[in-house]
>>> print(open('data-v1.cif').read())   # mmCIF, C-alpha atoms
data_model
loop_
_atom_site.group_PDB
_atom_site.id
_atom_site.type_symbol
_atom_site.label_atom_id
_atom_site.label_comp_id
_atom_site.auth_asym_id
_atom_site.auth_seq_id
_atom_site.Cartn_x
_atom_site.Cartn_y
_atom_site.Cartn_z
ATOM 1 C CA MET A 1 77.215 -2.465 -41.041
ATOM 2 C CA GLY A 2 80.214 -0.181 -41.642
ATOM 3 C CA ALA A 3 80.210 3.348 -42.934
ATOM 4 C CA VAL A 4 79.063 3.568 -46.534
ATOM 5 C CA GLY A 5 81.908 2.792 -48.899
ATOM 6 C CA THR A 6 84.389 1.975 -46.135
ATOM 7 C CA SER A 7 83.682 -1.667 -45.283
ATOM 8 C CA THR A 8 86.102 -4.565 -45.537
ATOM 9 C CA ASP A 9 83.794 -6.734 -47.658
ATOM 10 C CA GLY A 10 85.614 -5.896 -50.883
ATOM 11 C CA THR A 11 83.370 -3.033 -52.002
ATOM 12 C CA ALA A 12 85.209 -0.025 -50.513
ATOM 13 C CA GLY A 13 87.717 0.054 -53.358
ATOM 14 C CA GLU A 14 84.921 0.444 -55.897
ATOM 15 C CA ARG A 15 83.930 3.919 -54.722
ATOM 16 C CA ARG A 16 86.456 5.828 -56.846
ATOM 17 C CA GLN A 17 85.342 4.017 -60.006
ATOM 18 C CA LEU A 18 81.679 4.570 -59.194
ATOM 19 C CA ILE A 19 82.251 8.293 -58.598
ATOM 20 C CA ASN A 20 84.043 8.584 -61.944
ATOM 21 C CA VAL A 21 81.238 6.769 -63.738
ATOM 22 C CA SER A 22 78.446 8.749 -62.094
ATOM 23 C CA TYR A 23 80.095 12.155 -62.650
ATOM 24 C CA ARG A 24 80.394 11.474 -66.368
ATOM 25 C CA LEU A 25 76.771 10.384 -66.411
ATOM 26 C CA LEU A 26 75.414 13.304 -64.376
ATOM 27 C CA GLY A 27 77.921 16.169 -64.638
ATOM 28 C CA SER A 28 77.297 17.010 -60.975
ATOM 29 C CA LEU A 29 79.572 16.126 -58.070
ATOM 30 C CA ALA A 30 76.762 16.367 -55.509
ATOM 31 C CA GLU A 31 74.409 14.184 -57.535
ATOM 32 C CA SER A 32 77.243 11.723 -58.196
ATOM 33 C CA GLU A 33 77.953 11.428 -54.484
ATOM 34 C CA ASP A 34 74.248 10.886 -53.777
ATOM 35 C CA ALA A 35 73.996 8.193 -56.456
ATOM 36 C CA VAL A 36 77.013 6.290 -55.132
ATOM 37 C CA GLN A 37 75.837 6.596 -51.533
ATOM 38 C CA GLU A 38 72.441 5.221 -52.539
ATOM 39 C CA ALA A 39 74.075 2.301 -54.382
ATOM 40 C CA TYR A 40 76.100 1.405 -51.277
ATOM 41 C CA ALA A 41 72.998 1.754 -49.103
ATOM 42 C CA ARG A 42 71.188 -0.759 -51.302
ATOM 43 C CA TRP A 43 74.200 -3.086 -51.115
ATOM 44 C CA TYR A 44 74.220 -3.063 -47.321
ATOM 45 C CA ALA A 45 70.447 -3.475 -47.253
ATOM 46 C CA LEU A 46 70.852 -6.906 -48.858
ATOM 47 C CA PRO A 47 70.911 -9.882 -46.492
ATOM 48 C CA ARG A 48 74.469 -11.035 -45.853
ATOM 49 C CA SER A 49 73.686 -14.360 -47.485
ATOM 50 C CA ARG A 50 72.608 -12.556 -50.682
ATOM 51 C CA ARG A 51 75.764 -10.438 -50.727
ATOM 52 C CA ASP A 52 77.883 -13.559 -50.370
ATOM 53 C CA GLU A 53 76.185 -15.006 -53.451
ATOM 54 C CA ILE A 54 77.177 -12.051 -55.662
ATOM 55 C CA ALA A 55 80.344 -13.031 -57.526
ATOM 56 C CA SER A 56 81.313 -9.468 -58.477
ATOM 57 C CA PRO A 57 80.212 -6.782 -55.983
ATOM 58 C CA GLY A 58 81.819 -4.137 -58.197
ATOM 59 C CA ALA A 59 79.700 -5.121 -61.190
ATOM 60 C CA TRP A 60 76.597 -5.185 -58.987
ATOM 61 C CA LEU A 61 77.355 -1.711 -57.614
ATOM 62 C CA THR A 62 78.028 -0.359 -61.113
ATOM 63 C CA THR A 63 74.727 -1.731 -62.370
ATOM 64 C CA VAL A 64 72.808 -0.209 -59.465
ATOM 65 C CA THR A 65 74.654 3.118 -59.753
ATOM 66 C CA GLY A 66 73.898 3.175 -63.476
ATOM 67 C CA ARG A 67 70.198 2.643 -62.828
ATOM 68 C CA ILE A 68 70.139 5.381 -60.206
ATOM 69 C CA CYS A 69 71.895 7.784 -62.577
ATOM 70 C CA LEU A 70 69.439 6.868 -65.329
ATOM 71 C CA ASP A 71 66.563 7.844 -63.028
ATOM 72 C CA VAL A 72 68.303 11.114 -62.125
ATOM 73 C CA LEU A 73 68.893 11.925 -65.794
ATOM 74 C CA GLY A 74 65.243 11.245 -66.515
ATOM 75 C CA SER A 75 64.174 13.960 -64.072
ATOM 76 C CA ALA A 76 67.033 16.348 -64.844
ATOM 77 C CA ARG A 77 65.279 18.174 -67.673
ATOM 78 C CA ALA A 78 62.400 19.244 -65.449
ATOM 79 C CA ARG A 79 64.788 20.334 -62.679
ATOM 80 C CA ARG A 80 66.943 22.326 -65.070
ATOM 81 C CA GLU A 81 63.925 24.101 -66.478
ATOM 82 C CA ARG A 82 63.509 25.549 -62.977
ATOM 83 C CA TYR A 83 67.206 26.423 -62.741
ATOM 84 C CA VAL A 84 67.967 30.145 -62.866
ATOM 85 C CA GLY A 85 69.890 30.803 -66.071
ATOM 86 C CA ALA A 86 72.024 28.287 -67.941
ATOM 87 C CA TRP A 87 73.044 25.012 -66.259
ATOM 88 C CA LEU A 88 76.636 23.833 -66.721
ATOM 89 C CA PRO A 89 78.407 20.723 -65.430
ATOM 90 C CA ASP A 90 80.472 21.128 -62.272
ATOM 91 C CA PRO A 91 84.039 22.238 -63.065
ATOM 92 C CA LEU A 92 86.830 20.061 -61.666
ATOM 93 C CA PRO A 93 90.141 21.367 -60.251
ATOM 94 C CA ASP A 94 93.498 19.669 -60.517
ATOM 95 C CA HIS A 95 94.568 19.694 -56.880
ATOM 96 C CA ALA A 96 98.228 19.223 -57.802
ATOM 97 C CA GLU A 97 98.224 22.785 -59.134
ATOM 98 C CA TRP A 98 97.134 24.155 -55.763
ATOM 99 C CA ASN A 99 99.819 22.406 -53.687
ATOM 100 C CA HIS A 100 97.009 20.327 -52.277
ATOM 101 C CA GLY A 101 97.791 16.717 -51.448
ATOM 102 C CA HIS A 102 95.479 13.796 -51.977
ATOM 103 C CA GLY A 103 92.572 14.067 -49.586
ATOM 104 C CA THR A 104 89.027 12.911 -49.111
ATOM 105 C CA ASP A 105 87.407 15.593 -51.248
ATOM 106 C CA LEU A 106 85.194 14.126 -53.943
ATOM 107 C CA ALA A 107 87.059 15.974 -56.703
ATOM 108 C CA ASP A 108 90.302 14.330 -55.556
ATOM 109 C CA GLN A 109 88.933 11.017 -56.766
ATOM 110 C CA MET A 110 88.257 12.142 -60.311
ATOM 111 C CA VAL A 111 90.382 10.902 -63.192
ATOM 112 C CA LEU A 112 90.929 13.940 -65.404
ATOM 113 C CA ASP A 113 90.931 12.905 -69.056
ATOM 114 C CA GLU A 114 89.237 13.898 -72.311
ATOM 115 C CA SER A 115 85.937 12.372 -71.130
ATOM 116 C CA VAL A 116 85.529 15.089 -68.466
ATOM 117 C CA THR A 117 86.426 18.195 -70.471
ATOM 118 C CA MET A 118 83.672 20.775 -70.362
ATOM 119 C CA ALA A 119 83.269 20.557 -74.147
ATOM 120 C CA PHE A 120 82.752 16.782 -73.914
ATOM 121 C CA LEU A 121 80.343 17.014 -70.975
ATOM 122 C CA VAL A 122 78.261 19.628 -72.801
ATOM 123 C CA VAL A 123 77.927 17.224 -75.740
ATOM 124 C CA LEU A 124 76.843 14.496 -73.320
ATOM 125 C CA GLU A 125 74.120 16.854 -72.073
ATOM 126 C CA SER A 126 72.591 16.837 -75.575
ATOM 127 C CA MET A 127 72.039 13.057 -75.458
ATOM 128 C CA THR A 128 68.999 11.190 -74.231
ATOM 129 C CA PRO A 129 69.514 9.522 -70.827
ATOM 130 C CA ALA A 130 69.698 6.072 -72.441
ATOM 131 C CA GLU A 131 72.207 7.248 -75.063
ATOM 132 C CA ARG A 132 74.377 8.814 -72.404
ATOM 133 C CA VAL A 133 74.426 5.710 -70.218
ATOM 134 C CA ALA A 134 75.149 3.384 -73.153
ATOM 135 C CA PHE A 135 77.877 5.621 -74.565
ATOM 136 C CA VAL A 136 79.658 6.463 -71.307
ATOM 137 C CA LEU A 137 79.652 2.919 -69.977
ATOM 138 C CA HIS A 138 80.714 1.329 -73.259
ATOM 139 C CA ASP A 139 82.944 3.873 -75.005
ATOM 140 C CA VAL A 140 84.518 5.462 -71.933
ATOM 141 C CA PHE A 141 84.580 2.623 -69.398
ATOM 142 C CA ARG A 142 84.491 -0.374 -71.772
ATOM 143 C CA TYR A 143 81.571 -2.146 -70.150
ATOM 144 C CA PRO A 144 80.073 -4.855 -72.407
ATOM 145 C CA PHE A 145 76.662 -4.219 -73.907
ATOM 146 C CA ALA A 146 75.293 -7.279 -72.102
ATOM 147 C CA GLU A 147 75.875 -5.530 -68.761
ATOM 148 C CA ILE A 148 74.586 -2.199 -70.069
ATOM 149 C CA ALA A 149 71.428 -3.959 -71.256
ATOM 150 C CA ASP A 150 70.765 -5.011 -67.670
ATOM 151 C CA ILE A 151 70.948 -1.360 -66.584
ATOM 152 C CA LEU A 152 68.778 0.041 -69.374
ATOM 153 C CA GLY A 153 66.313 -2.824 -69.525
ATOM 154 C CA ARG A 154 66.928 -3.232 -73.258
ATOM 155 C CA THR A 155 68.572 -5.803 -75.487
ATOM 156 C CA PRO A 156 72.336 -5.657 -76.075
ATOM 157 C CA ALA A 157 71.617 -4.880 -79.742
ATOM 158 C CA ALA A 158 69.444 -1.915 -78.768
ATOM 159 C CA CYS A 159 72.151 -0.650 -76.414
ATOM 160 C CA LYS A 160 74.683 -0.914 -79.225
ATOM 161 C CA GLN A 161 72.442 1.264 -81.400
ATOM 162 C CA LEU A 162 72.089 3.820 -78.595
ATOM 163 C CA ALA A 163 75.861 4.051 -78.226
ATOM 164 C CA ALA A 164 76.271 4.434 -81.994
ATOM 165 C CA SER A 165 73.740 7.279 -82.031
ATOM 166 C CA ALA A 166 75.569 8.993 -79.165
ATOM 167 C CA ARG A 167 78.897 8.454 -80.927
ATOM 168 C CA ARG A 168 77.616 10.359 -83.960
ATOM 169 C CA ARG A 169 76.830 13.329 -81.718
ATOM 170 C CA VAL A 170 80.354 13.255 -80.326
ATOM 171 C CA ARG A 171 81.885 13.104 -83.802
ATOM 172 C CA VAL A 172 80.096 16.298 -84.758
ATOM 173 C CA ALA A 173 82.044 18.047 -81.998
ATOM 174 C CA ARG A 174 85.470 19.019 -83.242
ATOM 175 C CA ALA A 175 88.464 17.266 -81.712
ATOM 176 C CA PRO A 176 90.176 19.484 -79.083
ATOM 177 C CA VAL A 177 93.517 21.153 -79.737
ATOM 178 C CA THR A 178 96.576 20.066 -77.787
ATOM 179 C CA ALA A 179 96.828 21.226 -74.190
ATOM 180 C CA ALA A 180 99.918 23.286 -75.073
ATOM 181 C CA GLY A 181 98.120 25.030 -77.936
ATOM 182 C CA GLN A 182 95.113 25.801 -75.759
ATOM 183 C CA ALA A 183 97.327 27.025 -72.921
ATOM 184 C CA ASP A 184 98.910 29.615 -75.233
ATOM 185 C CA VAL A 185 95.532 30.971 -76.310
ATOM 186 C CA VAL A 186 94.186 31.021 -72.739
ATOM 187 C CA ARG A 187 97.309 32.842 -71.561
ATOM 188 C CA HIS A 188 96.810 35.519 -74.212
ATOM 189 C CA VAL A 189 93.148 35.861 -73.198
ATOM 190 C CA LYS A 190 94.248 36.329 -69.589
ATOM 191 C CA GLU A 191 96.746 39.033 -70.546
ATOM 192 C CA ALA A 192 94.246 40.905 -72.727
ATOM 193 C CA TRP A 193 91.564 40.631 -70.033
ATOM 194 C CA GLU A 194 93.905 41.961 -67.344
ATOM 195 C CA THR A 195 94.836 44.968 -69.486
ATOM 196 C CA LYS A 196 91.212 45.478 -70.595
ATOM 197 C CA ASP A 197 92.356 45.372 -74.213
ATOM 198 C CA ILE A 198 89.118 44.918 -76.148
ATOM 199 C CA ALA A 199 90.855 44.840 -79.528
ATOM 200 C CA ALA A 200 93.207 42.069 -78.405
ATOM 201 C CA LEU A 201 90.287 40.075 -76.969
ATOM 202 C CA VAL A 202 88.342 40.434 -80.212
ATOM 203 C CA ASP A 203 91.355 39.063 -82.109
ATOM 204 C CA LEU A 204 91.509 36.074 -79.751
ATOM 205 C CA LEU A 205 87.781 35.294 -79.954
ATOM 206 C CA ASP A 206 86.156 33.655 -82.938
ATOM 207 C CA PRO A 207 83.577 36.039 -84.495
ATOM 208 C CA ALA A 208 80.925 33.397 -83.812
ATOM 209 C CA ALA A 209 82.143 32.587 -80.284
ATOM 210 C CA VAL A 210 79.584 31.887 -77.557
ATOM 211 C CA MET A 211 79.943 32.515 -73.830
ATOM 212 C CA THR A 212 77.670 30.665 -71.400
ATOM 213 C CA ALA A 213 77.628 31.488 -67.686
ATOM 214 C CA ASP A 214 76.160 29.545 -64.763
ATOM 215 C CA GLY A 215 75.325 31.533 -61.642
ATOM 216 C CA GLY A 216 72.426 29.388 -60.497
ATOM 217 C CA GLY A 217 70.631 32.480 -59.219
ATOM 218 C CA MET A 218 73.242 32.797 -56.457
ATOM 219 C CA ALA A 219 75.861 34.857 -58.290
ATOM 220 C CA GLY A 220 75.317 37.720 -60.669
ATOM 221 C CA THR A 221 75.834 36.833 -64.318
ATOM 222 C CA VAL A 222 74.115 36.862 -67.694
ATOM 223 C CA LEU A 223 71.151 34.507 -67.847
ATOM 224 C CA ARG A 224 71.477 33.799 -71.566
ATOM 225 C CA PRO A 225 74.532 32.965 -73.683
ATOM 226 C CA ILE A 226 76.405 35.907 -75.189
ATOM 227 C CA GLU A 227 77.021 35.418 -78.900
ATOM 228 C CA GLY A 228 79.748 37.062 -80.971
ATOM 229 C CA GLY A 229 83.395 37.721 -80.201
ATOM 230 C CA ALA A 230 83.001 41.505 -80.039
ATOM 231 C CA ARG A 231 80.103 41.337 -77.565
ATOM 232 C CA ILE A 232 81.948 38.827 -75.386
ATOM 233 C CA ALA A 233 85.070 41.030 -75.334
ATOM 234 C CA GLN A 234 83.031 44.044 -74.250
ATOM 235 C CA TYR A 235 81.340 42.011 -71.534
ATOM 236 C CA MET A 236 84.670 40.690 -70.209
ATOM 237 C CA VAL A 237 86.101 44.194 -69.951
ATOM 238 C CA ALA A 238 82.915 45.417 -68.249
ATOM 239 C CA ILE A 239 83.378 42.674 -65.648
ATOM 240 C CA ALA A 240 86.955 43.786 -65.026
ATOM 241 C CA ASP A 241 85.799 47.392 -64.612
ATOM 242 C CA LYS A 242 83.221 46.362 -62.006
ATOM 243 C CA ALA A 243 85.618 44.144 -60.045
ATOM 244 C CA PRO A 244 88.812 46.035 -59.204
ATOM 245 C CA GLY A 245 91.488 43.777 -57.770
ATOM 246 C CA LEU A 246 90.275 40.757 -59.745
ATOM 247 C CA GLU A 247 93.108 38.230 -59.996
ATOM 248 C CA LEU A 248 93.235 35.786 -62.913
ATOM 249 C CA LEU A 249 95.017 32.459 -62.463
ATOM 250 C CA GLU A 250 95.913 29.954 -65.159
ATOM 251 C CA ARG A 251 94.632 26.619 -63.896
ATOM 252 C CA SER A 252 93.467 23.346 -65.381
ATOM 253 C CA VAL A 253 89.698 23.059 -65.551
ATOM 254 C CA ASN A 254 88.469 19.510 -66.079
ATOM 255 C CA GLY A 255 91.955 18.568 -67.203
ATOM 256 C CA VAL A 256 92.531 21.316 -69.811
ATOM 257 C CA PRO A 257 93.896 24.877 -69.557
ATOM 258 C CA GLY A 258 91.419 27.380 -68.156
ATOM 259 C CA LEU A 259 91.182 30.464 -65.950
ATOM 260 C CA VAL A 260 90.160 31.043 -62.357
ATOM 261 C CA ALA A 261 89.069 34.503 -61.227
ATOM 262 C CA ARG A 262 89.866 35.299 -57.605
ATOM 263 C CA ARG A 263 89.110 38.466 -55.636
ATOM 264 C CA ALA A 264 90.344 39.193 -52.133
ATOM 265 C CA GLY A 265 91.362 35.545 -51.892
ATOM 266 C CA ALA A 266 87.878 34.244 -52.780
ATOM 267 C CA ILE A 267 87.282 32.203 -55.926
ATOM 268 C CA MET A 268 84.562 33.921 -57.920
ATOM 269 C CA THR A 269 84.560 32.260 -61.343
ATOM 270 C CA VAL A 270 86.012 29.201 -63.062
ATOM 271 C CA ALA A 271 86.188 29.498 -66.847
ATOM 272 C CA SER A 272 86.699 26.722 -69.355
ATOM 273 C CA PHE A 273 87.494 27.274 -73.042
ATOM 274 C CA ASP A 274 87.150 25.551 -76.389
ATOM 275 C CA VAL A 275 89.735 26.598 -78.975
ATOM 276 C CA ALA A 276 89.916 26.121 -82.744
ATOM 277 C CA ASP A 277 92.476 27.516 -85.188
ATOM 278 C CA GLY A 278 94.079 29.645 -82.493
ATOM 279 C CA ARG A 279 90.845 31.328 -81.427
ATOM 280 C CA VAL A 280 88.374 30.779 -78.612
ATOM 281 C CA THR A 281 85.070 29.409 -79.883
ATOM 282 C CA ARG A 282 83.328 28.693 -76.567
ATOM 283 C CA ILE A 283 83.642 29.966 -73.006
ATOM 284 C CA TRP A 284 81.871 28.261 -70.106
ATOM 285 C CA ALA A 285 81.993 30.348 -66.925
ATOM 286 C CA VAL A 286 80.766 28.799 -63.682
ATOM 287 C CA ARG A 287 79.940 31.240 -60.863
ATOM 288 C CA ASN A 288 77.438 29.216 -58.844
ATOM 289 C CA PRO A 289 79.137 29.047 -55.409
ATOM 290 C CA GLU A 290 77.755 25.565 -54.768
ATOM 291 C CA LYS A 291 79.607 24.300 -57.830
ATOM 292 C CA LEU A 292 82.816 26.069 -56.775
ATOM 293 C CA ARG A 293 83.167 24.359 -53.384
ATOM 294 C CA PRO A 294 85.943 22.000 -54.531
ATOM 295 C CA TRP A 295 87.833 25.042 -55.844
ATOM 296 C CA VAL A 296 87.450 26.912 -52.557
ATOM 297 C CA ARG A 297 88.945 23.950 -50.704
ATOM 298 C CA ALA A 298 91.703 23.585 -53.303
ATOM 299 C CA GLY A 299 92.582 27.250 -53.445
#
>>> encode(input="data-v1.cif", output="structure tokens")
Amino acid sequence: MGAVGTSTDGTAGERRQLINVSYRLLGSLAESEDAVQEAYARWYALPRSRRDEIASPGAWLTTVTGRICLDVLGSARARRERYVGAWLPDPLPDHAEWNHGHGTDLADQMVLDESVTMAFLVVLESMTPAERVAFVLHDVFRYPFAEIADILGRTPAACKQLAASARRRVRVARAPVTAAGQADVVRHVKEAWETKDIAALVDLLDPAAVMTADGGGMAGTVLRPIEGGARIAQYMVAIADKAPGLELLERSVNGVPGLVARRAGAIMTVASFDVADGRVTRIWAVRNPEKLRPWVRAG
């Protein structure tokens, strides 16, 4: 038996795809890695004769990974009720922006597209586990409902209905602005934040904007979302006052323009934004150091 995911039996090349599928299903790099490792462990636990009978190892691994993720999603609600403060999906860096070549880091294997934006992942979090599996596998990865039915233990028709229900949730979420348009707004937010210009921040924030922060009990932050552009602006300036020497960097977060806060060379916060009509409507700030590990290695 070779190392998990590195054998020469034709399954090693599936790992990148499985990681991409599981991250979109779970929103957690660590849980995605665990799910894929478990799928490979089950593959190697099969007798060699049984493995030789499987026509498509990739399809088998995807099915098993999907089932594992479904189980994880089923227990996620209880785990997140014990989580300190708000839970947000893990933010993903674009290593090309950090002069970091392709490596073995899990985040290096992620395909950054609209299906991993923080706004999209937050919508996925509102779905039932079955809806999320059906929608991600069919609408994002184009798996047929017959294969999804095998994962969910339902009929293809039922899986089609689940995906349609999930699709309606996604349609409620407004389509994102262009990357260039968002970059302009994020840049102005950065400039106003650096100068502690509350009035400028208020102008850049939608009056009904919401800021959600994830510290996981390991980094100081608000435990509940802050609502209202004026309150968010005041909070942002208060942060700057308490952290002299804070450096703000414009970086892609999950494939779209965002901000990274660094102090004394250490990455403290990764912020993702949703923008509409030239104003920020949502801010997701991740401060949990466990979720920032890929950023520490990148930066």
>>> closest_atom_pairs(input="data-v1.cif", of="segment 47-132 of chain A", to="segment 254-264 of chain A", cutoff="8 Å", atoms="only C-alpha atoms", output="CSV")
residue,atom,partner,partner_atom,distance
A:Pro91,CA,A:Asn254,CA,6.0
A:Leu92,CA,A:Asn254,CA,4.7
A:Pro93,CA,A:Asn254,CA,6.3
A:Asp94,CA,A:Gly255,CA,6.9
A:Leu112,CA,A:Gly255,CA,5.1
A:Asp113,CA,A:Gly255,CA,6.0
A:Glu114,CA,A:Gly255,CA,7.4
A:Val116,CA,A:Asn254,CA,5.8
A:Thr117,CA,A:Asn254,CA,5.0
A:Met118,CA,A:Asn254,CA,6.6
>>> write_last_selection(input="data-v1.cif", atoms="C-alpha atoms", output="mmCIF file, in the coordinates of the input")
data_model
loop_
_atom_site.group_PDB
_atom_site.id
_atom_site.type_symbol
_atom_site.label_atom_id
_atom_site.label_comp_id
_atom_site.auth_asym_id
_atom_site.auth_seq_id
_atom_site.Cartn_x
_atom_site.Cartn_y
_atom_site.Cartn_z
ATOM 1 C CA PRO A 91 84.039 22.238 -63.065
ATOM 2 C CA LEU A 92 86.830 20.061 -61.666
ATOM 3 C CA PRO A 93 90.141 21.367 -60.251
ATOM 4 C CA ASP A 94 93.498 19.669 -60.517
ATOM 5 C CA LEU A 112 90.929 13.940 -65.404
ATOM 6 C CA ASP A 113 90.931 12.905 -69.056
ATOM 7 C CA GLU A 114 89.237 13.898 -72.311
ATOM 8 C CA VAL A 116 85.529 15.089 -68.466
ATOM 9 C CA THR A 117 86.426 18.195 -70.471
ATOM 10 C CA MET A 118 83.672 20.775 -70.362
#
>>> resolve_selection(input="data-v1.cif", expression="the PyMOL selection byres ((chain A and resi 121) around 12)", output="count of residues only")
34
>>> resolve_selection(input="data-v1.cif", expression="the PyMOL selection byres ((chain A and resi 58) around 9)", output="ChimeraX atom specification")
/A:10-11,13-14,18,56-57,59-63
>>> atom_distance(input="data-v1.cif", atom1="atom CA of Val186 of chain A", atom2="atom CA of Arg297 of chain A")
23.7 Å
>>> resolve_selection(input="data-v1.cif", expression="the PyMOL selection byres ((chain A and resi 153) around 12)", output="number ranges by chain")
A: 63, 66-67, 70, 130, 133-134, 145-152, 154-159
>>> atom_distance(input="data-v1.cif", atom1="atom CA of Val270 of chain A", atom2="atom CA of Ala86 of chain A")
14.8 Å
>>> closest_residue(input="data-v1.cif", among="A:Glu250, A:Leu204, A:Arg282, A:Asn288", to="Glu97 of chain A", atoms="all atoms listed in the file")
A:Glu250
>>> closest_residue(input="data-v1.cif", among="A:Ala39, A:Pro129, A:Val185, A:Tyr143", to="Leu162 of chain A", atoms="only C-alpha atoms")
A:Pro129
>>> closest_residue(input="data-v1.cif", among="A:Ala41, A:Glu194, A:Glu290, A:Ala276", to="Ala243 of chain A", atoms="only C-alpha atoms")
A:Glu194
>>> axis_aligned_box(input="data-v1.cif", around="segment 154-169 of chain A", padding_each_side="4 Å", output="lines of an AutoDock Vina configuration file")
center_x = 72.9
center_y = 3.8
center_z = -78.6
size_x = 20.0
size_y = 27.1
size_z = 18.7
>>> build_atoms(input="data-v1.cif", residues="segment 132-144 of chain A", atoms="N, CA, C and O atoms", output="JSON list (two decimals), in the coordinates of the input")
[["chain", "number", "residue", "atom", "x", "y", "z"],
["A", 132, "ARG", "N", 73.24, 8.41, -73.24],
["A", 132, "ARG", "CA", 74.38, 8.81, -72.40],
["A", 132, "ARG", "C", 74.90, 7.64, -71.59],
["A", 132, "ARG", "O", 76.12, 7.43, -71.51],
["A", 133, "VAL", "N", 74.00, 6.87, -71.01],
["A", 133, "VAL", "CA", 74.43, 5.71, -70.22],
["A", 133, "VAL", "C", 75.13, 4.70, -71.10],
["A", 133, "VAL", "O", 76.21, 4.19, -70.76],
["A", 134, "ALA", "N", 74.55, 4.38, -72.26],
["A", 134, "ALA", "CA", 75.15, 3.38, -73.15],
["A", 134, "ALA", "C", 76.51, 3.85, -73.64],
["A", 134, "ALA", "O", 77.48, 3.07, -73.66],
["A", 135, "PHE", "N", 76.62, 5.11, -74.02],
["A", 135, "PHE", "CA", 77.88, 5.62, -74.56],
["A", 135, "PHE", "C", 78.96, 5.70, -73.49],
["A", 135, "PHE", "O", 80.09, 5.25, -73.70],
["A", 136, "VAL", "N", 78.64, 6.29, -72.35],
["A", 136, "VAL", "CA", 79.66, 6.46, -71.31],
["A", 136, "VAL", "C", 80.15, 5.11, -70.80],
["A", 136, "VAL", "O", 81.36, 4.88, -70.69],
["A", 137, "LEU", "N", 79.23, 4.21, -70.52],
["A", 137, "LEU", "CA", 79.65, 2.92, -69.98],
["A", 137, "LEU", "C", 80.43, 2.09, -70.99],
["A", 137, "LEU", "O", 81.41, 1.43, -70.65],
["A", 138, "HIS", "N", 80.01, 2.15, -72.26],
["A", 138, "HIS", "CA", 80.71, 1.33, -73.26],
["A", 138, "HIS", "C", 81.96, 2.00, -73.81],
["A", 138, "HIS", "O", 83.06, 1.45, -73.78],
["A", 139, "ASP", "N", 81.82, 3.23, -74.31],
["A", 139, "ASP", "CA", 82.94, 3.87, -75.00],
["A", 139, "ASP", "C", 83.99, 4.44, -74.06],
["A", 139, "ASP", "O", 85.17, 4.49, -74.41],
["A", 140, "VAL", "N", 83.57, 4.87, -72.88],
["A", 140, "VAL", "CA", 84.52, 5.46, -71.93],
["A", 140, "VAL", "C", 85.06, 4.41, -70.97],
["A", 140, "VAL", "O", 86.26, 4.32, -70.74],
["A", 141, "PHE", "N", 84.17, 3.58, -70.43],
["A", 141, "PHE", "CA", 84.58, 2.62, -69.40],
["A", 141, "PHE", "C", 84.65, 1.18, -69.88],
["A", 141, "PHE", "O", 84.98, 0.29, -69.10],
["A", 142, "ARG", "N", 84.32, 0.94, -71.14],
["A", 142, "ARG", "CA", 84.49, -0.37, -71.77],
["A", 142, "ARG", "C", 83.64, -1.48, -71.14],
["A", 142, "ARG", "O", 84.05, -2.63, -71.10],
["A", 143, "TYR", "N", 82.47, -1.11, -70.65],
["A", 143, "TYR", "CA", 81.57, -2.15, -70.15],
["A", 143, "TYR", "C", 80.91, -2.83, -71.34],
["A", 143, "TYR", "O", 80.55, -2.17, -72.33],
["A", 144, "PRO", "N", 80.72, -4.14, -71.30],
["A", 144, "PRO", "CA", 80.07, -4.86, -72.41],
["A", 144, "PRO", "C", 78.60, -4.49, -72.50],
["A", 144, "PRO", "O", 77.95, -4.17, -71.50]]
